[in-house]
Each structure stands twice: as C-alpha cells, then as structure tokens.
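The file work-v8.txt comes next; it holds compact mmCIF, C-alpha atoms.
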# COMPACT_ATOMS: atom_id res chain seq x y z
CA MET A 1 68.06 101.84 -21.28
CA SER A 2 66.44 104.12 -23.82
CA ALA A 3 62.70 104.62 -23.78
CA GLY A 4 60.76 102.02 -25.69
CA ALA A 5 63.34 99.25 -25.28
CA THR A 6 61.84 95.77 -25.29
CA ALA A 7 62.00 93.27 -22.46
CA ALA A 8 64.21 91.00 -24.58
CA ALA A 9 66.70 93.83 -25.21
CA TRP A 10 66.80 94.67 -21.50
CA ALA A 11 67.41 91.02 -20.63
CA GLU A 12 70.25 90.87 -23.13
CA GLN A 13 71.84 93.90 -21.50
CA GLN A 14 71.64 92.28 -18.07
CA ILE A 15 73.33 89.13 -19.38
CA ALA A 16 76.08 91.10 -21.10
CA SER A 17 76.88 92.89 -17.83
CA VAL A 18 77.56 89.61 -15.96
CA ARG A 19 78.77 87.33 -18.76
CA ASP A 20 82.31 87.16 -17.34
CA ASP A 21 81.35 87.67 -13.70
CA PRO A 22 80.31 84.40 -11.99
CA ALA A 23 79.33 86.18 -8.76
CA GLY A 24 77.32 88.65 -10.83
CA ARG A 25 75.44 85.78 -12.43
CA ILE A 26 74.50 84.48 -8.99
CA ALA A 27 73.31 87.92 -7.90
CA LEU A 28 71.27 88.34 -11.10
CA MET A 29 69.56 85.00 -10.55
CA GLN A 30 68.70 85.99 -7.00
CA ARG A 31 67.21 89.30 -8.16
CA CYS A 32 64.97 87.52 -10.66
CA TYR A 33 63.12 85.73 -7.85
CA PHE A 34 62.34 89.03 -6.14
CA GLY A 35 60.36 90.09 -9.20
CA PRO A 36 60.29 93.45 -11.01
CA TYR A 37 59.43 95.44 -7.88
CA GLY A 38 61.63 93.69 -5.32
CA LYS A 39 58.89 91.78 -3.54
CA ALA A 40 57.56 88.43 -4.71
CA PRO A 41 56.83 86.26 -1.64
CA ARG A 42 55.11 83.47 -3.60
CA HIS A 43 58.01 83.13 -6.04
CA LEU A 44 60.93 83.49 -3.65
CA PRO A 45 60.78 79.94 -2.17
CA PHE A 46 61.58 78.52 -5.62
CA GLN A 47 64.91 80.31 -5.51
CA ARG A 48 66.33 77.46 -3.42
CA ALA A 49 66.45 74.93 -6.24
CA ALA A 50 67.64 77.45 -8.82
CA MET A 51 70.48 78.62 -6.60
CA SER A 52 71.49 75.04 -5.79
CA PHE A 53 71.98 74.40 -9.50
CA MET A 54 74.00 77.61 -9.93
CA ARG A 55 76.18 77.16 -6.85
CA TRP A 56 77.09 73.66 -8.04
CA GLN A 57 78.28 75.17 -11.32
CA LEU A 58 80.11 77.96 -9.50
CA ARG A 59 81.99 75.59 -7.19
CA ARG A 60 83.29 73.59 -10.15
CA GLY A 61 84.50 76.72 -11.93
CA LEU A 62 82.20 76.11 -14.88
CA LEU A 63 81.15 79.76 -15.15
CA GLN A 64 84.64 81.28 -15.12
CA PRO A 65 85.50 83.65 -18.01
CA LEU A 66 87.01 81.90 -21.00
CA SER A 67 89.94 84.33 -20.83
CA SER A 68 90.86 83.51 -17.22
CA ASP A 69 93.82 81.41 -16.09
CA HIS A 70 91.38 78.59 -15.36
CA PRO A 71 88.69 79.07 -18.03
CA GLY A 72 85.20 77.74 -17.54
CA SER A 73 83.12 75.61 -19.85
CA PRO A 74 81.70 77.25 -22.99
CA TRP A 75 78.81 74.77 -22.85
CA TRP A 76 77.91 75.20 -19.18
CA ARG A 77 78.20 78.98 -19.50
CA ALA A 78 75.75 78.88 -22.42
CA VAL A 79 73.24 76.73 -20.53
CA ASN A 80 73.41 79.00 -17.50
CA GLU A 81 73.07 82.07 -19.70
CA ARG A 82 69.89 80.77 -21.32
CA ILE A 83 68.21 80.24 -17.95
CA LEU A 84 69.23 83.74 -16.83
CA ARG A 85 68.14 85.41 -20.06
CA ASP A 86 64.71 83.80 -20.08
CA GLY A 87 64.18 84.65 -16.42
CA CYS A 88 65.28 88.27 -16.87
CA GLU A 89 62.97 88.74 -19.84
CA ALA A 90 60.02 87.38 -17.88
CA VAL A 91 60.80 89.72 -14.98
CA ALA A 92 60.96 92.66 -17.38
CA LEU A 93 57.63 91.74 -18.99
CA SER A 94 56.06 91.42 -15.55
CA GLY A 95 57.17 94.96 -14.82
CA ASP A 96 57.35 98.04 -17.01
CA PHE A 97 58.80 96.65 -20.25
CA THR A 98 56.83 95.62 -23.30
CA GLY A 99 57.35 93.61 -26.43
CA PRO A 100 56.63 90.06 -27.60
CA THR A 101 58.29 87.17 -25.84
CA SER A 102 61.42 86.07 -27.67
CA SER A 103 60.83 82.32 -27.22
CA GLN A 104 58.38 79.76 -25.95
CA THR A 105 60.56 79.22 -22.89
CA VAL A 106 59.95 82.83 -21.86
CA ASP A 107 56.23 82.08 -22.16
CA PHE A 108 56.79 79.26 -19.65
CA TRP A 109 58.48 81.72 -17.27
CA MET A 110 55.56 84.12 -17.68
CA SER A 111 53.19 81.30 -16.69
CA PHE A 112 55.29 80.73 -13.59
CA ALA A 113 55.22 84.46 -12.82
CA ASP A 114 51.43 84.46 -13.06
CA TYR A 115 50.87 81.19 -11.22
CA PRO A 116 53.90 80.06 -9.17
CA THR A 117 53.55 76.32 -8.56
CA ALA A 118 56.05 73.49 -8.51
CA ARG A 119 54.87 72.29 -11.90
CA SER A 120 55.02 75.73 -13.54
CA TRP A 121 58.52 76.31 -12.11
CA TYR A 122 59.81 73.03 -13.49
CA ARG A 123 58.27 73.71 -16.88
CA ALA A 124 60.00 77.10 -17.00
CA HIS A 125 63.36 76.04 -15.60
CA ASN A 126 63.61 72.74 -17.47
CA GLY A 127 62.26 74.33 -20.63
CA SER A 128 65.21 76.74 -20.59
CA VAL A 129 67.65 73.95 -19.75
CA VAL A 130 66.45 71.69 -22.57
CA ALA A 131 66.39 74.55 -25.08
CA ALA A 132 70.02 75.32 -24.19
CA TYR A 133 71.02 71.67 -24.44
CA LEU A 134 69.52 71.40 -27.92
CA GLU A 135 70.92 74.72 -29.10
CA HIS A 136 74.50 74.07 -27.97
CA ARG A 137 75.23 70.54 -29.16
CA ASP A 138 78.45 71.63 -30.86
CA GLU A 139 79.89 73.02 -27.62
CA ALA A 140 78.78 69.86 -25.80
CA ALA A 141 80.60 67.64 -28.29
CA ALA A 142 83.84 69.54 -27.58
CA GLU A 143 83.81 68.56 -23.88
CA ASN A 144 85.71 65.53 -22.62
CA GLU A 145 84.09 62.15 -22.06
CA ALA A 146 83.46 62.51 -18.33
CA GLU A 147 81.88 65.94 -18.73
CA ARG A 148 79.58 64.68 -21.49
CA PHE A 149 78.56 61.76 -19.33
CA PHE A 150 77.51 64.04 -16.48
CA MET A 151 75.66 66.37 -18.85
CA ASN A 152 73.35 63.42 -19.44
CA VAL A 153 73.14 62.61 -15.73
CA VAL A 154 72.13 66.19 -14.86
CA LEU A 155 69.53 66.27 -17.62
CA CYS A 156 67.83 63.01 -16.71
CA ARG A 157 67.77 63.97 -13.03
CA VAL A 158 66.13 67.37 -13.57
CA LEU A 159 63.60 65.79 -15.95
CA PHE A 160 62.85 63.11 -13.36
CA SER A 161 62.38 65.75 -10.65
CA HIS A 162 59.84 67.47 -12.89
CA ALA A 163 58.02 64.18 -13.44
CA LEU A 164 57.81 63.61 -9.67
CA VAL A 165 55.61 66.70 -9.50
CA ALA A 166 53.76 66.53 -12.80
CA ALA A 167 53.67 62.79 -13.61
CA PRO A 168 53.80 60.90 -10.28
CA ARG A 169 52.63 57.58 -11.75
CA LEU A 170 55.39 57.60 -14.35
CA SER A 171 58.09 58.57 -11.87
CA LEU A 172 57.34 56.40 -8.84
CA GLY A 173 54.60 53.94 -9.74
CA TRP A 174 52.78 52.69 -6.66
CA LEU A 175 54.66 55.21 -4.48
CA ARG A 176 53.18 58.10 -6.48
CA PRO A 177 51.47 59.74 -3.46
CA LEU A 178 54.98 60.63 -2.21
CA ALA A 179 56.26 61.92 -5.54
CA PRO A 180 55.04 65.56 -5.44
CA PHE A 181 56.57 66.08 -2.01
CA LEU A 182 59.89 64.50 -2.99
CA GLY A 183 60.12 66.59 -6.15
CA ASP A 184 58.97 69.94 -4.76
CA PRO A 185 61.72 72.42 -5.76
CA ARG A 186 61.05 74.40 -2.58
CA LEU A 187 62.01 71.37 -0.50
CA GLY A 188 63.99 68.47 -1.88
CA MET A 189 65.38 68.97 -5.39
CA THR A 190 68.66 70.39 -4.07
CA GLY A 191 69.71 66.86 -3.07
CA ILE A 192 70.25 66.02 -6.75
CA PHE A 193 73.19 68.40 -6.94
CA LEU A 194 74.44 67.59 -3.45
CA GLN A 195 74.86 63.99 -4.57
CA LEU A 196 76.80 65.06 -7.68
CA SER A 197 79.04 67.24 -5.51
CA ARG A 198 80.02 64.18 -3.50
CA VAL A 199 81.21 62.41 -6.64
CA LEU A 200 82.68 65.19 -8.77
CA PRO A 201 85.69 67.23 -7.62
CA ASP A 202 85.36 71.00 -7.50
CA GLN A 203 87.34 71.43 -10.67
CA TYR A 204 86.93 71.82 -14.42
CA PRO A 205 87.73 70.05 -16.62
CA LEU A 206 87.32 66.63 -15.05
CA ALA A 207 90.61 64.77 -14.97
CA GLU A 208 89.47 61.15 -14.60
CA GLY A 209 87.63 58.78 -16.90
CA VAL A 210 83.95 57.95 -16.56
CA ARG A 211 84.56 54.60 -14.87
CA SER A 212 86.43 56.15 -11.97
CA TYR A 213 83.47 58.42 -11.18
CA LEU A 214 81.01 55.57 -11.56
CA ASP A 215 83.00 53.55 -9.04
CA ALA A 216 82.96 56.51 -6.63
CA GLU A 217 79.19 57.00 -6.77
CA LEU A 218 77.62 55.03 -3.96
CA GLY A 219 74.46 55.15 -1.92
CA PHE A 220 71.55 57.35 -2.88
CA GLY A 221 72.94 58.67 -6.17
CA ARG A 222 73.55 55.22 -7.63
CA LEU A 223 70.22 53.94 -6.33
CA LEU A 224 68.36 56.90 -7.83
CA ASP A 225 69.99 56.66 -11.25
CA TYR A 226 70.12 52.91 -11.77
CA GLY A 227 67.31 51.71 -9.56
CA VAL A 228 64.63 54.31 -10.31
CA ILE A 229 65.40 56.58 -13.29
CA ILE A 230 67.10 54.36 -15.87
CA PRO A 231 64.30 51.73 -16.06
CA ARG A 232 61.87 54.49 -17.10
CA LEU A 233 64.21 56.68 -19.18
CA GLN A 234 62.47 56.20 -22.50
CA GLN A 235 59.07 57.07 -21.04
CA LEU A 236 60.56 59.99 -19.12
CA TYR A 237 62.10 61.61 -22.20
CA GLU A 238 59.01 61.08 -24.32
CA TRP A 239 56.81 62.60 -21.63
CA SER A 240 59.23 65.51 -21.11
CA SER A 241 59.41 66.28 -24.83
CA HIS A 242 55.64 66.74 -24.82
CA GLU A 243 55.45 68.60 -21.49
CA LEU A 244 58.19 71.05 -22.56
CA ALA A 245 57.10 71.27 -26.21
CA ALA A 246 60.63 70.18 -27.16
CA PRO A 247 60.45 67.36 -29.73
CA GLY A 248 64.23 67.52 -30.16
CA LEU A 249 64.57 65.99 -26.71
CA ARG A 250 63.62 62.63 -28.23
CA ASP A 251 66.93 62.72 -30.09
CA CYS A 252 68.75 62.63 -26.75
CA ILE A 253 67.72 59.06 -26.05
CA ARG A 254 67.65 55.84 -28.05
CA ASP A 255 66.26 52.53 -26.91
CA GLY A 256 66.55 53.58 -23.27
CA ALA A 257 70.17 54.80 -23.58
CA LEU A 258 71.15 58.46 -23.14
CA THR A 259 72.71 59.86 -26.31
CA TYR A 260 73.19 63.60 -25.80
CA ALA A 261 76.73 64.17 -27.09
CA TRP A 262 77.24 60.50 -26.32
CA PRO A 263 77.57 57.64 -28.87
CA PHE A 264 74.91 54.96 -28.75
CA GLU A 265 77.67 52.39 -29.20
CA ASP A 266 78.97 53.29 -25.72
CA ARG A 267 75.61 52.72 -24.07
CA ASP A 268 77.00 50.14 -21.66
CA VAL A 269 77.67 52.93 -19.11
CA TRP A 270 73.91 53.23 -18.62
CA ARG A 271 73.48 49.57 -17.74
CA PRO A 272 72.84 48.95 -14.04
CA PRO A 273 75.72 47.55 -11.98
CA LYS A 274 75.41 44.18 -10.31
CA SER A 275 73.96 45.30 -7.01
CA PHE A 276 71.42 43.57 -4.82
CA THR A 277 70.03 46.92 -3.62
CA VAL A 278 69.65 48.26 -7.16
CA GLN A 279 67.96 45.07 -8.32
CA MET A 280 65.54 45.10 -5.39
CA THR A 281 64.72 48.76 -6.05
CA GLN A 282 64.04 48.04 -9.72
CA ARG A 283 61.69 45.21 -8.80
CA ALA A 284 59.90 47.21 -6.11
CA LEU A 285 59.46 50.29 -8.32
CA ARG A 286 58.97 48.62 -11.67
CA PRO A 287 57.70 51.13 -14.27
CA GLU A 288 54.02 50.79 -15.00
CA ARG A 289 53.12 49.69 -18.48
CA ARG A 290 51.91 52.34 -20.86
CA ALA A 291 48.42 52.05 -22.21
Could you express the structure from this file as structure tokens?
Amino acid sequence: MSAGATAAAWAEQQIASVRDDPAGRIALMQRCYFGPYGKAPRHLPFQRAAMSFMRWQLRRGLLQPLSSDHPGSPWWRAVNERILRDGCEAVALSGDFTGPTSSQTVDFWMSFADYPTARSWYRAHNGSVVAAYLEHRDEAAAENEAERFFMNVVLCRVLFSHALVAAPRLSLGWLRPLAPFLGDPRLGMTGIFLQLSRVLPDQYPLAEGVRSYLDAELGFGRLLDYGVIIPRLQQLYEWSSHELAAPGLRDCIRDGALTYAWPFEDRDVWRPPKSFTVQMTQRALRPERRA
C-alpha cells in the first residue's frame, strides 16, 4: 500500500482480497495469530478456538461467494468478515501502521495483543461477533427459520463460554472453580462447535425445520443448552452487554427468551424438554440469585 496508509485501510484491503475466497479467509485468520512480524508465541494458542469457529462455517459452505453455484450466507459472511477486519487492523496497529482505531472492538483486540489472556481474547472475539450481529439484523431476518434459530444458539454459547472465564459464579454457580478451565479457548471451547456439527448437516441453507434439529440434538449439547445456559440466559445477556460495551445486546433477549431475528411469540422453542437429566442438571446448577 502507499506510504502513510492507515491500519484500517490496510485491513480493508486484506478483507477485499479474500472476500470471495473461503480458503483465503482461513489463511488470513491464521496469519493474524502470528502477529505483525510472524512470531507471537503467547497469542498463537488462542488460534485453536478461532479456527474451530471458522472451519465450522467453512464445512457448511457459509462463506462461499454469493455468485457461486452454491452461494453462501450473506449474514454469516458478514459476521466472519467483521472478526477478520478487526483482527487485521489490530495486527497492523501492532506493527508498522498508524492511525486511530476504527471501532471499540478493535480496541478490544489491541488489549488482547498487549495482554493475551483468555478473558481478553473472549472480549475481543465476542465483541466483534456481537457487533456484527447487531449491525446485520436485516441480513439475519432474510435467513430461514432453522438458520435463525441456530444464530441464537451460537451466540448464547459463545457468550456463555466467555462467562465461564470472566464470570464463573454466574456461569456455573457452586462449580465455579472449574469454570475457567472449561471455558479456556486454548483448551475446551472447540467442543461447542463440534456439538453443532453433530446436529447440523454440512450444507447451507438448512433444509429441515427447527423441530427436526431439536429432536436430533442429544447428549451434551442438549444438556448444555437446556440444563445450564437457558436458566441463566437473562443474566448472561445483561452481563455480556456490560462486559462487551454493547447495550444493543439486551434487545436480543426478552424475559429469558432469545429474540435475535426470532419472534418472541415463538419462544416455546427455548423451553426445556421433558427430560430427567435436564431437570436434574437445572436443580444441581441452579443460577445464584442476583444481589
């Protein structure tokens, strides 16, 4: 680029070069974790969770060019692009480029660059995710019912993973000593997307209705969602909106029901199924009362 170009302009150029190249997006994400000079040993372990999220999108064809025979999702492409752009800008600012940060989410990535911890990674990654969710509501509304349902599932799971690290009492109650280990993005977060891969086919768009996927989700995924996360959803979203400085996140939940591109009137899908295991988990890990 020409001399004097800002970090934001450089990041935009990087995104433009891979916008219709899913493999190029993967490679760009990988490069970000090596830092501006190709060596960032403290940051590299966090690549595992980021790549798990991207590979899940890649397998489903979500990042395919819109002009291809099997076009990807405009919404998922936009969410992925926001994460990449923010990360690229932070890498550029950590290196030889100058200029003000283009958004608060880039500030979060700069904090991670300066002090790479599980909590700073989640704040950066989830900050970009939430910003993209809020910015692209129109594209979300254009997706089919099943896709919109799983948008909410992905969001609540990544927010919960963040809370495991940064708000253990909220996330696991009396089991809070285990929470930071379970949520560490260098270790266990990838299981969130592994579980979704077992339920969702590697295709886009989804062909079945929501109920068919709910019936297919067994074991850990159902236990996590209905037994642990859903009873504390309202607290989780309120905490996350403050942690990520994203007040708009509060509009994605209402009375404990997820409402991102989803009508409140159809909130019955968030009600726990009749399951002895789920009921026992809810009782054992009952959310603690707020002061």
- For Thr98 of chain A, which residue out of A:Leu244, A:Ala9, A:Ala23, A:Ala284 is the nearest one, using only C-alpha atoms? A:Ala9
Centre, x/y/z edge lengths, axis-aligned box for segment 241-246 of chain A with 3 Å per side, as AutoDock Vina command-line options:
--center_x 58.0 --center_y 68.8 --center_z -24.3 --size_x 11.2 --size_y 11.0 --size_z 11.7
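Each of A:Ala179, A:Leu187, A:Ala246, A:Leu172 was checked against Arg232 of chain A using all atoms listed in the file; the smallest atom-to-atom distance is that of A:Leu172.
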- May I have the residues at most 9 Å from (80.8, 84.2, -22.3) in the file's coordinates, counting all atoms listed in the file, as a count of residues only? 12
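Omitting Ile230 of chain A and its sequence neighbours fewer than 2 positions away, and counting all atoms listed in the file, the residues within 9 Å are A:Cys156, A:Leu224, A:Asp225, A:Tyr226, A:Gly227, A:Val228, A:Arg232, A:Leu233, A:Gln234, A:Gly256, A:Ala257, A:Trp270, A:Arg271, A:Pro272.
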- Long-range neighbours of Asn144 of chain A as a PyMOL selection string, 10 Å cut-off, only C-alpha atoms, 6 positions minimum in chain: chain A and resi 205-210
- Please measure the separation of atom CA of Pro180 of chain A and atom CA of Arg123 of chain A, giving the value in Å to one decimal. 14.4 Å
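Of the residues under consideration (A:Arg48, A:Tyr133, A:Thr6, A:Gln57), A:Gln57 shows the shortest atom-to-atom contact distance to Pro22 of chain A when counting all atoms listed in the file.
With all atoms listed in the file as the atoms that count, the residue of A:Arg59, A:Arg31, A:Arg250, A:Arg286 with the shortest distance to Gln47 of chain A is A:Arg31.
Each of A:Ile229, A:Ala90, A:Val165, A:Met51 was compared to Val278 of chain A using only C-alpha atoms, and A:Ile229 turns out to be the nearest.
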Quick one: residues within 7 Å of Arg60 of chain A, all atoms listed in the file counted, chain neighbours fewer than 2 positions away excluded, as a JSON list (two decimals) with C-alpha atoms, keeping the file's coordinate frame?
[["chain", "number", "residue", "atom", "x", "y", "z"],
["A", 56, "TRP", "CA", 77.09, 73.66, -8.04],
["A", 57, "GLN", "CA", 78.28, 75.17, -11.32],
["A", 58, "LEU", "CA", 80.11, 77.96, -9.50],
["A", 62, "LEU", "CA", 82.20, 76.11, -14.88],
["A", 202, "ASP", "CA", 85.36, 71.00, -7.50],
["A", 203, "GLN", "CA", 87.34, 71.43, -10.67],
["A", 204, "TYR", "CA", 86.93, 71.82, -14.42]]
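With atom CA of Trp262 of chain A on one side and atom CA of Asp138 of chain A on the other, the separation reads 12.1 Å.
Considering all atoms listed in the file, the residue among A:Phe150, A:Ala113, A:Met280, A:Thr105 positioned nearest to Ala245 of chain A is A:Thr105.
Atom CA of Ser241 of chain A is positioned 24.5 Å from atom CA of Glu143 of chain A.
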- Polymer residues at most 12 Å from (57.0, 76.5, -12.3) by only C-alpha atoms, as an NGL selection string: :A and (33 or 42-47 or 49-50 or 87 or 105-128 or 162 or 165-166 or 184-186 or 244)
Saving segment 1-111 of chain A with C-alpha atoms, as a short mmCIF file (atom, residue, chain, number, x, y, z; two decimals), in the first residue's frame, what would that file be?
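This went into out_35.cif:
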data_model
loop_
_atom_site.label_atom_id
_atom_site.label_comp_id
_atom_site.auth_asym_id
_atom_site.auth_seq_id
_atom_site.Cartn_x
_atom_site.Cartn_y
_atom_site.Cartn_z
CA MET A 1 0.00 0.00 0.00
CA SER A 2 1.02 3.62 -0.40
CA ALA A 3 3.05 5.31 2.30
CA GLY A 4 1.01 6.76 5.10
CA ALA A 5 -1.91 4.36 4.73
CA THR A 6 -3.78 3.73 7.96
CA ALA A 7 -4.16 0.38 9.69
CA ALA A 8 -7.91 0.43 8.97
CA ALA A 9 -7.29 0.95 5.24
CA TRP A 10 -4.75 -1.89 5.18
CA ALA A 11 -7.21 -4.19 6.95
CA GLU A 12 -9.89 -3.31 4.43
CA GLN A 13 -7.53 -4.23 1.61
CA GLN A 14 -6.80 -7.62 3.20
CA ILE A 15 -10.52 -8.36 3.51
CA ALA A 16 -11.21 -7.33 -0.08
CA SER A 17 -8.54 -9.75 -1.31
CA VAL A 18 -10.22 -12.77 0.33
CA ARG A 19 -13.89 -11.76 0.31
CA ASP A 20 -14.82 -14.46 -2.22
CA ASP A 21 -12.10 -16.93 -1.25
CA PRO A 22 -13.10 -19.11 1.74
CA ALA A 23 -9.68 -20.77 1.93
CA GLY A 24 -8.09 -17.32 1.79
CA ARG A 25 -10.19 -16.24 4.75
CA ILE A 26 -8.90 -19.20 6.74
CA ALA A 27 -5.30 -18.38 5.83
CA LEU A 28 -5.80 -14.72 6.77
CA MET A 29 -7.18 -15.68 10.17
CA GLN A 30 -4.19 -17.94 10.77
CA ARG A 31 -1.76 -15.16 9.85
CA CYS A 32 -3.39 -12.79 12.34
CA TYR A 33 -2.37 -15.02 15.25
CA PHE A 34 1.27 -14.94 14.18
CA GLY A 35 1.28 -11.18 14.72
CA PRO A 36 2.79 -8.43 12.55
CA TYR A 37 6.26 -9.97 12.50
CA GLY A 38 5.39 -13.65 12.13
CA LYS A 39 6.16 -14.70 15.68
CA ALA A 40 3.69 -14.39 18.54
CA PRO A 41 4.07 -17.44 20.82
CA ARG A 42 1.77 -16.10 23.56
CA HIS A 43 -1.05 -15.38 21.10
CA LEU A 44 -0.81 -18.45 18.90
CA PRO A 45 -2.53 -20.91 21.30
CA PHE A 46 -5.74 -18.87 21.02
CA GLN A 47 -5.86 -19.68 17.33
CA ARG A 48 -7.43 -23.05 18.16
CA ALA A 49 -10.82 -21.65 19.15
CA ALA A 50 -10.88 -19.07 16.37
CA MET A 51 -10.11 -21.68 13.72
CA SER A 52 -12.71 -24.06 15.13
CA PHE A 53 -15.37 -21.39 14.59
CA MET A 54 -14.16 -20.70 11.04
CA ARG A 55 -13.81 -24.34 9.99
CA TRP A 56 -17.37 -24.98 11.16
CA GLN A 57 -18.54 -22.18 8.86
CA LEU A 58 -16.36 -23.45 6.02
CA ARG A 59 -17.68 -27.02 6.23
CA ARG A 60 -21.27 -25.79 5.96
CA GLY A 61 -20.48 -23.67 2.91
CA LEU A 62 -21.48 -20.48 4.69
CA LEU A 63 -18.51 -18.50 3.35
CA GLN A 64 -18.93 -19.41 -0.31
CA PRO A 65 -19.12 -16.49 -2.79
CA LEU A 66 -22.65 -15.24 -3.39
CA SER A 67 -22.09 -15.71 -7.13
CA SER A 68 -21.17 -19.41 -6.88
CA ASP A 69 -23.39 -22.33 -7.86
CA HIS A 70 -23.98 -22.95 -4.15
CA PRO A 71 -23.86 -19.44 -2.66
CA GLY A 72 -23.02 -18.90 0.97
CA SER A 73 -24.88 -16.88 3.57
CA PRO A 74 -24.73 -13.08 3.30
CA TRP A 75 -25.18 -12.90 7.08
CA TRP A 76 -22.52 -15.45 8.06
CA ARG A 77 -20.08 -13.92 5.56
CA ALA A 78 -20.63 -10.51 7.17
CA VAL A 79 -20.08 -11.84 10.69
CA ASN A 80 -16.90 -13.62 9.64
CA GLU A 81 -15.69 -10.53 7.82
CA ARG A 82 -16.09 -8.34 10.89
CA ILE A 83 -13.95 -10.66 13.01
CA LEU A 84 -11.27 -10.75 10.30
CA ARG A 85 -11.29 -6.99 9.74
CA ASP A 86 -10.96 -6.15 13.42
CA GLY A 87 -8.17 -8.69 13.85
CA CYS A 88 -6.27 -7.45 10.79
CA GLU A 89 -6.49 -3.85 11.94
CA ALA A 90 -5.14 -4.76 15.36
CA VAL A 91 -2.24 -6.66 13.77
CA ALA A 92 -1.45 -3.66 11.59
CA LEU A 93 -1.52 -1.28 14.56
CA SER A 94 0.77 -3.62 16.48
CA GLY A 95 3.24 -3.41 13.62
CA ASP A 96 4.22 -0.53 11.36
CA PHE A 97 0.86 1.07 10.58
CA THR A 98 -0.63 4.07 12.32
CA GLY A 99 -3.98 5.75 12.66
CA PRO A 100 -6.85 5.73 15.15
CA THR A 101 -8.75 2.52 15.77
CA SER A 102 -11.89 2.37 13.66
CA SER A 103 -14.11 0.89 16.39
CA GLN A 104 -14.21 -0.10 20.02
CA THR A 105 -13.94 -3.75 19.02
CA VAL A 106 -10.51 -3.05 17.54
CA ASP A 107 -9.57 -1.54 20.91
CA PHE A 108 -10.53 -4.89 22.45
CA TRP A 109 -8.24 -6.69 20.00
CA MET A 110 -5.42 -4.28 20.87
CA SER A 111 -5.90 -5.15 24.54
#
